[in-house]
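A short write-up of the structure that comes next.
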Amino acid sequence: MKNTRGEIIRIADDLIRTRGYNAFSYTDISKQLNIKNAAVHYYFPAKSDLGTEVIRFRISDFHQRVQSWDTLPYDQQLVNWITYHQHKKENKCVCILGALAPVYDTLQENMQTELGRFSNIILEWLIDILAKGKQSGIFNYKESPRAKAYLVQSSLLAALLLNKVLDDDVFQAIQNSILMQ
């Protein structure tokens with residue numbers, strides 16, 4: 001049996017990260033699933049309801065991913081986080097934060113709230129591994145763990161966006177810069 005709701009979320013996630021939130025409609029989803037627009041509206045009456053569920057889907061994926069890395073050394077967890085973004089670069093898409101942050105002011109409050117929550121979840125995880133890695137001598141950086149987490153995450157987001165525009169190896173240069181510090 002087909003999980004229509006899950007497929008709608010998956011397709012919306014892909015459309016947001018490749019085209020942008022404001023550049024897709026329910027018609028784009030219904031055509032891919034060969035269903036009527038009304039079926040999409042049945043599960044998600046408003047586009048912001050769908051956007052909120054996409055963010056929640058990404059939060060769940062993040063939790064599962066980092067939980068699977070929990071026993072790895074801190075530097076390997078950071079490498080895995082960067083590699084996760086490398087995969088997005090190869091698929092010519094951006095992460096959900098990179099796709100939605102530029103249009104944050106146009107999003108409904110429910111989406112803004114979830115996007116803020118997701119940003120904080122990622123940053124708190126990064127701060128934790130960077131602080132523990134610094135305490136154990138694995139990382140050697142001068143900034144506070146919070147400032148370093150901001151630098152890492154913003155660099156990854158910017159790298160994906162610039163790579164899309166320049167079709168260059170911006171991501172590789174930024175990845176190397178993050179890992180050498």
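So you can find residues: chains in the structure tokens are A, B, ... in the order shown, residues in each start at 1, and ligands are numbered from 1 in order.
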
Could the residues of segment 9-85 of chain A that have an atom at most 10 Å from segment 118-137 of chain A be listed as CSV, each with its closest atom pair and the distance in Å to one decimal, counting only C-alpha atoms and ordered by chain and ascending residue number?
residue,atom,partner,partner_atom,distance
A:Ile55,CA,A:Phe118,CA,7.5
A:Arg56,CA,A:Phe118,CA,8.1
A:Arg58,CA,A:Phe118,CA,8.3
A:Ile59,CA,A:Phe118,CA,6.1
A:Ser60,CA,A:Phe118,CA,9.8
A:Phe62,CA,A:Ile122,CA,8.1
A:His63,CA,A:Ile121,CA,8.9
A:Val66,CA,A:Trp125,CA,8.5
A:Asp70,CA,A:Ile129,CA,9.7
A:Pro73,CA,A:Gly133,CA,8.1
A:Tyr74,CA,A:Gly133,CA,5.4
A:Asp75,CA,A:Gly133,CA,7.0
A:Gln77,CA,A:Ile129,CA,7.7
A:Leu78,CA,A:Ile129,CA,7.8
A:Trp81,CA,A:Leu126,CA,9.2

Chain A: which residues are alpha helix (DSSP H) by DSSP, as an MDAnalysis selection string?
chainID A and resid 4:18 26:33 37:43 47:69 74:90 96:100 109:135 145:166 170:180

Interatomic distance between atom CA of Ser68 of chain A and atom CA of Gly116 of chain A?
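Result for atom CA of Ser68 of chain A versus atom CA of Gly116 of chain A: 23.6 Å, one decimal.
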
Taking a cut-off of 10 Å and counting only C-alpha atoms, can you build a table that, for each residue of segment 52-160 of chain A near segment 3-7 of chain A, reports the nearest atom pair and how far apart they are in Å (one decimal), sorted by chain then residue number, as a tab-separated table?
residue	atom	partner	partner_atom	distance
A:Glu53	CA	A:Gly6	CA	9.7
A:Val54	CA	A:Gly6	CA	9.7
A:Phe57	CA	A:Gly6	CA	9.4

Between A:Thr52, A:Gln67, A:Thr27, A:Gln175, which residue has the minimum interatomic distance to Gln108 of chain A, considering only C-alpha atoms?
A:Thr52

So, counting only C-alpha atoms, which residue among A:Ile11, A:Ala149, A:Cys93, A:Ala99 is closest to Lys164 of chain A?
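Ranked by minimum distance to Lys164 of chain A, first place goes to A:Cys93.
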
For segment 55-161 of chain A versus segment 13-19 of chain A, which residues have an atom no more than 12 Å away, and what is each residue's nearest atom pair and distance in Å rounded to one decimal, using only C-alpha atoms, chain-then-number order, as a tab-separated table?
residue	atom	partner	partner_atom	distance
A:Ile55	CA	A:Asp13	CA	8.2
A:Arg56	CA	A:Asp13	CA	10.6
A:Phe57	CA	A:Asp13	CA	8.6
A:Arg58	CA	A:Asp13	CA	8.5
A:Lys88	CA	A:Arg17	CA	9.0
A:Lys89	CA	A:Thr18	CA	10.7
A:Glu90	CA	A:Thr18	CA	11.9
A:Asn91	CA	A:Thr18	CA	8.8
A:Lys92	CA	A:Thr18	CA	7.0
A:Cys93	CA	A:Thr18	CA	4.7
A:Val94	CA	A:Arg17	CA	5.2
A:Cys95	CA	A:Arg17	CA	6.1
A:Ile96	CA	A:Arg17	CA	5.9
A:Leu97	CA	A:Arg17	CA	8.9
A:Gly98	CA	A:Arg17	CA	7.9
A:Ala99	CA	A:Arg17	CA	5.5
A:Leu100	CA	A:Ile16	CA	7.9
A:Ala101	CA	A:Arg17	CA	11.4
A:Val103	CA	A:Ile16	CA	11.2
A:Leu157	CA	A:Arg17	CA	12.0
A:Leu160	CA	A:Arg17	CA	10.7
A:Leu161	CA	A:Arg17	CA	10.6

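Of the residues under consideration (A:Arg10, A:Val79, A:Tyr26, A:Gln112), A:Tyr26 shows the shortest atom-to-atom contact distance to Ala38 of chain A when counting only C-alpha atoms.
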
Lys47 of chain A: which residues within 12 Å, counting only C-alpha atoms, same-chain residues fewer than 6 positions away excluded, as a list of chain:residue names?
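What passes the distance filter is A:Ile8, A:Ile9, A:Ala12, A:Ile16, A:Tyr21, A:Asn22, A:Ala23, A:Phe24, A:Ser25, A:Tyr26, A:Thr27, A:Ile29, A:Asn37, A:Val40, A:His41, A:Glu53, A:Val54, A:Leu107, A:Gln108, A:Asn110, A:Met111.
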
Prev. selection, C-alpha atoms, output as a compact mmCIF listing (two decimals), in the first residue's frame:
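Wrote it out as again_13.txt, contents follow:
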# COMPACT_ATOMS: atom_id res chain seq x y z
CA ILE A 8 3.89 14.08 -0.63
CA ILE A 9 6.36 15.10 2.09
CA ALA A 12 7.86 18.55 -1.34
CA ILE A 16 11.96 22.90 -1.76
CA TYR A 21 9.62 26.89 -1.38
CA ASN A 22 7.96 29.69 -3.35
CA ALA A 23 8.67 28.00 -6.71
CA PHE A 24 6.52 24.88 -6.41
CA SER A 25 2.81 24.21 -6.10
CA TYR A 26 0.55 21.35 -5.15
CA THR A 27 0.15 20.70 -8.88
CA ILE A 29 3.32 17.20 -6.40
CA ASN A 37 -4.62 18.40 -6.10
CA VAL A 40 -2.64 16.83 -1.49
CA HIS A 41 -4.99 19.35 0.18
CA GLU A 53 5.96 18.68 8.00
CA VAL A 54 8.93 18.76 5.63
CA LEU A 107 6.99 31.94 5.62
CA GLN A 108 3.99 31.41 7.85
CA ASN A 110 4.35 27.67 11.96
CA MET A 111 7.16 27.20 9.44

When you draw a straight line from atom CA of Val152 of chain A to atom CA of Asp169 of chain A, how long is it in Å?
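About the pair atom CA of Val152 of chain A and atom CA of Asp169 of chain A: they are 17.2 Å apart.
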